[in-house]
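Written below as structure tokens is the structure these notes are about.
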Amino acid sequence: MYSILCLFLVFFIYSVIGYIAEVMYCTIKKGKPVWNRGFLIGPYLPIYGTGGILISYTLGRYSNDPLTLFILSMVYCTVIEYLTSYILEKIFHLRWWDYSDKKFNINGRVCLLNGVLFGFGGLWIVKVLYPIVSKVVYNTQPIFIMIFSSILLCLFLTDFVVSTRILFGLKANIMKITKKDATSEIKKEVSEFLKNYNVLTGRLFKSFPDLEKLNGPRIEKITKVLDNVKNELDKIKTKTKARNK
């Protein structure tokens with residue numbers, strides 16, 4: 001159990017660092033603060049934790065061979081990103097990011113630029129980050145690691161369950177709305193959508209700015225229906241006020 005919690009703590013640290021790196025990159029790129037990244041609520045990105053763990057525990061033996069380490073880091077992380085994109089699309093029927101506008105991309109899921117960045121990231125992890133992280137984690141008193149990691153694990157799992165429910169709720173509502181043709185039926189589904197729609201759902205669209213672009217017809221249809229419902233509600237409110245007067 002201690003070894004598992006240590007491994008999770010390293011994974012968690014990598015996930016947080018990955019989140020910080022993405023926030024900094026997107027903030028510089030957009031020229032304004034960008035805080036929402038990933039589909040989880042907390043400030044961590046599991047995809048970076050997974051890649052970091054894989055690199056640290058399988059590529060450490062190449063620490064004296066920078067070229068091999070660079071290439072394998074590119075391959076490992078690119079495969080992880082591609083599979084993550086593919087699996088998320090198959091599960092939720094939504095494309096979460098797209099690199100079609102980047103040179104040397106594969107189906108818009110991965111691109112050469114990201115691969116190169118992953119390669120440099122792998123060098124940094126093996127040469128700099130992992131020695132520091134492992135020293136801190138494995139030299140800390142086991143009792144503190146057990147308590148601290150257990151708390152973080154509980155928070156992480158709770159976040160994962162809640163975020164996954166939100167994703168499936170979003171998927172279900174989108175599928176219901178876009179498959180309905182009768183206006184009355186659409187309004188019923190929109191009503192349910194509005195009940196389930198909250199700030200946690202909204203943050204997904206901020207976390208993945210390409211989501212609206214990639215799934216334009218669905219999102220656009222939902223937006224139009226929501227606008228119609230809002231207009232009708234405004235009319236009802238206006239009539240009600242007039243009668244009360």
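Just so we're on the same page: first chain in the structure tokens is A, next is B, and so on; residues restart at 1 for each chain, and ligands are numbered from 1 in the order they show up.
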When you look at Ser63 in chain A with a cut-off of 7 Å (counting only C-alpha atoms), what residues show up, excluding the ones that are within fewer than 5 positions of it in the same chain? I need them as a PDB file with C-alpha atoms, in the first residue's frame.
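Contents of the output file around-v6.pdb:
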ATOM      1  CA  LEU A  69      15.361   9.417 -24.437  1.00  0.00           C
ATOM      2  CA  VAL A 126      14.414  12.149 -16.305  1.00  0.00           C
ATOM      3  CA  LYS A 127      17.299  14.576 -15.862  1.00  0.00           C
TER       4      LYS A 127
END
Using only C-alpha atoms, which residue out of A:Phe8, A:Tyr130, A:Phe168, A:Tyr44 lies closest to Val23 in chain A?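 Under the stated criterion, the closest residue is A:Tyr44.
As for CA of Val133 in chain A and CA of Ile28 in chain A, they are spaced 26.7 Å apart.
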Identify which of the residues A:Gly31, A:Gly38, A:Pro66, A:Pro142 lies closest to Gly121 in chain A, counting only C-alpha atoms when measuring atom-to-atom distances. A:Pro66
With range 105-114 of chain A as the partner and 10 Å as the cut-off, tabulate the residues of range 4-96 of chain A that qualify, each row holding the nearest pair of atoms and their distance in Å to one decimal, using only C-alpha atoms, sorted by chain and rising number, as JSON lines.
{"residue": "A:Met74", "atom": "CA", "partner": "A:Asn114", "partner_atom": "CA", "distance": 8.4}
{"residue": "A:Cys77", "atom": "CA", "partner": "A:Asn114", "partner_atom": "CA", "distance": 9.1}
{"residue": "A:Thr78", "atom": "CA", "partner": "A:Val110", "partner_atom": "CA", "distance": 6.5}
{"residue": "A:Val79", "atom": "CA", "partner": "A:Val110", "partner_atom": "CA", "distance": 8.5}
{"residue": "A:Ile80", "atom": "CA", "partner": "A:Val110", "partner_atom": "CA", "distance": 9.7}
{"residue": "A:Glu81", "atom": "CA", "partner": "A:Val110", "partner_atom": "CA", "distance": 6.7}
{"residue": "A:Tyr82", "atom": "CA", "partner": "A:Arg109", "partner_atom": "CA", "distance": 5.5}
{"residue": "A:Leu83", "atom": "CA", "partner": "A:Arg109", "partner_atom": "CA", "distance": 8.7}
{"residue": "A:Thr84", "atom": "CA", "partner": "A:Arg109", "partner_atom": "CA", "distance": 9.0}
{"residue": "A:Ser85", "atom": "CA", "partner": "A:Arg109", "partner_atom": "CA", "distance": 6.2}
{"residue": "A:Tyr86", "atom": "CA", "partner": "A:Arg109", "partner_atom": "CA", "distance": 7.8}
{"residue": "A:Arg95", "atom": "CA", "partner": "A:Arg109", "partner_atom": "CA", "distance": 9.0}
{"residue": "A:Trp96", "atom": "CA", "partner": "A:Arg109", "partner_atom": "CA", "distance": 9.2}
Residue list (alpha helix (DSSP H), DSSP) for range 110-159 of chain A, as a PDB file with N, CA and C atoms, in the first residue's frame:
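Writing done, so here's states-v7.pdb:
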ATOM      1  N   LEU A 112       3.251  17.179 -34.722  1.00  0.00           N
ATOM      2  CA  LEU A 112       4.700  17.118 -34.524  1.00  0.00           C
ATOM      3  C   LEU A 112       5.168  18.098 -33.459  1.00  0.00           C
ATOM      4  N   LEU A 113       4.601  19.304 -33.445  1.00  0.00           N
ATOM      5  CA  LEU A 113       5.018  20.306 -32.458  1.00  0.00           C
ATOM      6  C   LEU A 113       4.850  19.781 -31.039  1.00  0.00           C
ATOM      7  N   ASN A 114       3.686  19.215 -30.757  1.00  0.00           N
ATOM      8  CA  ASN A 114       3.466  18.655 -29.423  1.00  0.00           C
ATOM      9  C   ASN A 114       4.431  17.519 -29.132  1.00  0.00           C
ATOM     10  N   GLY A 115       4.693  16.708 -30.152  1.00  0.00           N
ATOM     11  CA  GLY A 115       5.615  15.596 -29.983  1.00  0.00           C
ATOM     12  C   GLY A 115       7.007  16.072 -29.589  1.00  0.00           C
ATOM     13  N   VAL A 116       7.467  17.143 -30.235  1.00  0.00           N
ATOM     14  CA  VAL A 116       8.789  17.702 -29.910  1.00  0.00           C
ATOM     15  C   VAL A 116       8.798  18.230 -28.477  1.00  0.00           C
ATOM     16  N   LEU A 117       7.728  18.913 -28.107  1.00  0.00           N
ATOM     17  CA  LEU A 117       7.632  19.421 -26.729  1.00  0.00           C
ATOM     18  C   LEU A 117       7.631  18.272 -25.722  1.00  0.00           C
ATOM     19  N   PHE A 118       6.953  17.181 -26.069  1.00  0.00           N
ATOM     20  CA  PHE A 118       6.954  16.003 -25.203  1.00  0.00           C
ATOM     21  C   PHE A 118       8.365  15.432 -25.076  1.00  0.00           C
ATOM     22  N   GLY A 119       9.103  15.473 -26.187  1.00  0.00           N
ATOM     23  CA  GLY A 119      10.474  14.970 -26.162  1.00  0.00           C
ATOM     24  C   GLY A 119      11.342  15.746 -25.194  1.00  0.00           C
ATOM     25  N   PHE A 120      11.259  17.070 -25.260  1.00  0.00           N
ATOM     26  CA  PHE A 120      12.021  17.908 -24.331  1.00  0.00           C
ATOM     27  C   PHE A 120      11.516  17.714 -22.895  1.00  0.00           C
ATOM     28  N   GLY A 121      10.198  17.520 -22.781  1.00  0.00           N
ATOM     29  CA  GLY A 121       9.632  17.268 -21.462  1.00  0.00           C
ATOM     30  C   GLY A 121      10.181  15.993 -20.851  1.00  0.00           C
ATOM     31  N   GLY A 122      10.348  14.966 -21.683  1.00  0.00           N
ATOM     32  CA  GLY A 122      10.911  13.709 -21.205  1.00  0.00           C
ATOM     33  C   GLY A 122      12.329  13.882 -20.700  1.00  0.00           C
ATOM     34  N   LEU A 123      13.127  14.668 -21.418  1.00  0.00           N
ATOM     35  CA  LEU A 123      14.502  14.948 -20.984  1.00  0.00           C
ATOM     36  C   LEU A 123      14.500  15.649 -19.630  1.00  0.00           C
ATOM     37  N   TRP A 124      13.612  16.605 -19.486  1.00  0.00           N
ATOM     38  CA  TRP A 124      13.543  17.371 -18.240  1.00  0.00           C
ATOM     39  C   TRP A 124      13.084  16.495 -17.075  1.00  0.00           C
ATOM     40  N   TYR A 130      12.323  14.116 -11.952  1.00  0.00           N
ATOM     41  CA  TYR A 130      12.143  12.875 -11.199  1.00  0.00           C
ATOM     42  C   TYR A 130      13.151  12.710 -10.065  1.00  0.00           C
ATOM     43  N   PRO A 131      14.436  13.038 -10.258  1.00  0.00           N
ATOM     44  CA  PRO A 131      15.378  12.922  -9.134  1.00  0.00           C
ATOM     45  C   PRO A 131      14.939  13.751  -7.924  1.00  0.00           C
ATOM     46  N   ILE A 132      14.395  14.935  -8.183  1.00  0.00           N
ATOM     47  CA  ILE A 132      13.949  15.800  -7.084  1.00  0.00           C
ATOM     48  C   ILE A 132      12.682  15.240  -6.434  1.00  0.00           C
ATOM     49  N   VAL A 133      11.687  14.896  -7.278  1.00  0.00           N
ATOM     50  CA  VAL A 133      10.410  14.387  -6.775  1.00  0.00           C
ATOM     51  C   VAL A 133      10.600  13.091  -5.998  1.00  0.00           C
ATOM     52  N   SER A 134      11.359  12.159  -6.548  1.00  0.00           N
ATOM     53  CA  SER A 134      11.565  10.871  -5.880  1.00  0.00           C
ATOM     54  C   SER A 134      12.303  11.046  -4.556  1.00  0.00           C
ATOM     55  N   LYS A 135      13.243  11.971  -4.537  1.00  0.00           N
ATOM     56  CA  LYS A 135      13.992  12.214  -3.303  1.00  0.00           C
ATOM     57  C   LYS A 135      13.069  12.732  -2.207  1.00  0.00           C
ATOM     58  N   VAL A 136      12.187  13.672  -2.575  1.00  0.00           N
ATOM     59  CA  VAL A 136      11.251  14.240  -1.605  1.00  0.00           C
ATOM     60  C   VAL A 136      10.252  13.184  -1.127  1.00  0.00           C
ATOM     61  N   VAL A 137       9.680  12.441  -2.079  1.00  0.00           N
ATOM     62  CA  VAL A 137       8.643  11.461  -1.747  1.00  0.00           C
ATOM     63  C   VAL A 137       9.195  10.307  -0.916  1.00  0.00           C
ATOM     64  N   TYR A 138      10.273   9.710  -1.387  1.00  0.00           N
ATOM     65  CA  TYR A 138      10.771   8.499  -0.734  1.00  0.00           C
ATOM     66  C   TYR A 138      11.619   8.774   0.506  1.00  0.00           C
ATOM     67  N   PRO A 142       7.129   7.669   6.149  1.00  0.00           N
ATOM     68  CA  PRO A 142       6.030   6.883   5.556  1.00  0.00           C
ATOM     69  C   PRO A 142       4.648   7.253   6.078  1.00  0.00           C
ATOM     70  N   ILE A 143       4.533   7.565   7.369  1.00  0.00           N
ATOM     71  CA  ILE A 143       3.237   7.880   7.935  1.00  0.00           C
ATOM     72  C   ILE A 143       2.646   9.133   7.299  1.00  0.00           C
ATOM     73  N   PHE A 144       3.503  10.129   7.016  1.00  0.00           N
ATOM     74  CA  PHE A 144       3.040  11.357   6.371  1.00  0.00           C
ATOM     75  C   PHE A 144       2.626  11.089   4.920  1.00  0.00           C
ATOM     76  N   ILE A 145       3.401  10.246   4.246  1.00  0.00           N
ATOM     77  CA  ILE A 145       3.073   9.888   2.870  1.00  0.00           C
ATOM     78  C   ILE A 145       1.728   9.169   2.826  1.00  0.00           C
ATOM     79  N   MET A 146       1.531   8.244   3.759  1.00  0.00           N
ATOM     80  CA  MET A 146       0.283   7.472   3.801  1.00  0.00           C
ATOM     81  C   MET A 146      -0.923   8.387   4.003  1.00  0.00           C
ATOM     82  N   ILE A 147      -0.813   9.302   4.959  1.00  0.00           N
ATOM     83  CA  ILE A 147      -1.935  10.202   5.269  1.00  0.00           C
ATOM     84  C   ILE A 147      -2.188  11.187   4.128  1.00  0.00           C
ATOM     85  N   PHE A 148      -1.126  11.870   3.701  1.00  0.00           N
ATOM     86  CA  PHE A 148      -1.250  12.901   2.667  1.00  0.00           C
ATOM     87  C   PHE A 148      -1.730  12.311   1.338  1.00  0.00           C
ATOM     88  N   SER A 149      -1.130  11.196   0.930  1.00  0.00           N
ATOM     89  CA  SER A 149      -1.505  10.570  -0.345  1.00  0.00           C
ATOM     90  C   SER A 149      -2.920  10.025  -0.299  1.00  0.00           C
ATOM     91  N   SER A 150      -3.326   9.502   0.849  1.00  0.00           N
ATOM     92  CA  SER A 150      -4.691   8.968   0.982  1.00  0.00           C
ATOM     93  C   SER A 150      -5.726  10.075   0.819  1.00  0.00           C
ATOM     94  N   ILE A 151      -5.446  11.231   1.412  1.00  0.00           N
ATOM     95  CA  ILE A 151      -6.362  12.371   1.286  1.00  0.00           C
ATOM     96  C   ILE A 151      -6.449  12.828  -0.171  1.00  0.00           C
ATOM     97  N   LEU A 152      -5.286  12.953  -0.804  1.00  0.00           N
ATOM     98  CA  LEU A 152      -5.263  13.381  -2.204  1.00  0.00           C
ATOM     99  C   LEU A 152      -5.967  12.368  -3.101  1.00  0.00           C
ATOM    100  N   LEU A 153      -5.772  11.087  -2.812  1.00  0.00           N
ATOM    101  CA  LEU A 153      -6.403  10.041  -3.617  1.00  0.00           C
ATOM    102  C   LEU A 153      -7.919  10.107  -3.497  1.00  0.00           C
ATOM    103  N   CYS A 154      -8.418  10.314  -2.306  1.00  0.00           N
ATOM    104  CA  CYS A 154      -9.866  10.440  -2.096  1.00  0.00           C
ATOM    105  C   CYS A 154     -10.428  11.638  -2.856  1.00  0.00           C
ATOM    106  N   LEU A 155      -9.728  12.767  -2.782  1.00  0.00           N
ATOM    107  CA  LEU A 155     -10.165  13.968  -3.501  1.00  0.00           C
ATOM    108  C   LEU A 155     -10.137  13.740  -5.011  1.00  0.00           C
ATOM    109  N   PHE A 156      -9.079  13.101  -5.475  1.00  0.00           N
ATOM    110  CA  PHE A 156      -8.919  12.844  -6.904  1.00  0.00           C
ATOM    111  C   PHE A 156     -10.023  11.919  -7.415  1.00  0.00           C
ATOM    112  N   LEU A 157     -10.298  10.840  -6.690  1.00  0.00           N
ATOM    113  CA  LEU A 157     -11.325   9.892  -7.113  1.00  0.00           C
ATOM    114  C   LEU A 157     -12.706  10.532  -7.087  1.00  0.00           C
ATOM    115  N   THR A 158     -12.961  11.360  -6.073  1.00  0.00           N
ATOM    116  CA  THR A 158     -14.237  12.075  -6.006  1.00  0.00           C
ATOM    117  C   THR A 158     -14.395  13.002  -7.200  1.00  0.00           C
ATOM    118  N   ASP A 159     -13.334  13.731  -7.502  1.00  0.00           N
ATOM    119  CA  ASP A 159     -13.324  14.630  -8.652  1.00  0.00           C
ATOM    120  C   ASP A 159     -13.589  13.839  -9.934  1.00  0.00           C
TER     121      ASP A 159
END
Hey, what's within 7 Å of range 161-165 of chain A if we count only C-alpha atoms and toss same-chain stuff fewer than 6 positions away? As a PDB file with N, CA and C atoms, in the first residue's frame, please?
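The new file around-v3.pdb reads:
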ATOM      1  N   PHE A  39     -10.711  18.017 -18.138  1.00  0.00           N
ATOM      2  CA  PHE A  39     -12.112  17.808 -17.791  1.00  0.00           C
ATOM      3  C   PHE A  39     -12.341  17.601 -16.301  1.00  0.00           C
ATOM      4  N   LEU A  40     -11.270  17.498 -15.518  1.00  0.00           N
ATOM      5  CA  LEU A  40     -11.433  17.390 -14.076  1.00  0.00           C
ATOM      6  C   LEU A  40     -11.546  18.779 -13.458  1.00  0.00           C
ATOM      7  N   ILE A  41     -12.142  18.846 -12.279  1.00  0.00           N
ATOM      8  CA  ILE A  41     -12.367  20.131 -11.623  1.00  0.00           C
ATOM      9  C   ILE A  41     -11.077  20.687 -11.026  1.00  0.00           C
TER      10      ILE A  41
END
Can you tell me which residues surround Val16 in chain A at a distance of at most 10 Å, considering only C-alpha atoms, apart from same-chain residues fewer than 4 positions away, and format the answer as a PyMOL selection string? chain A and resi 11-12+20-22+42-46+48-49
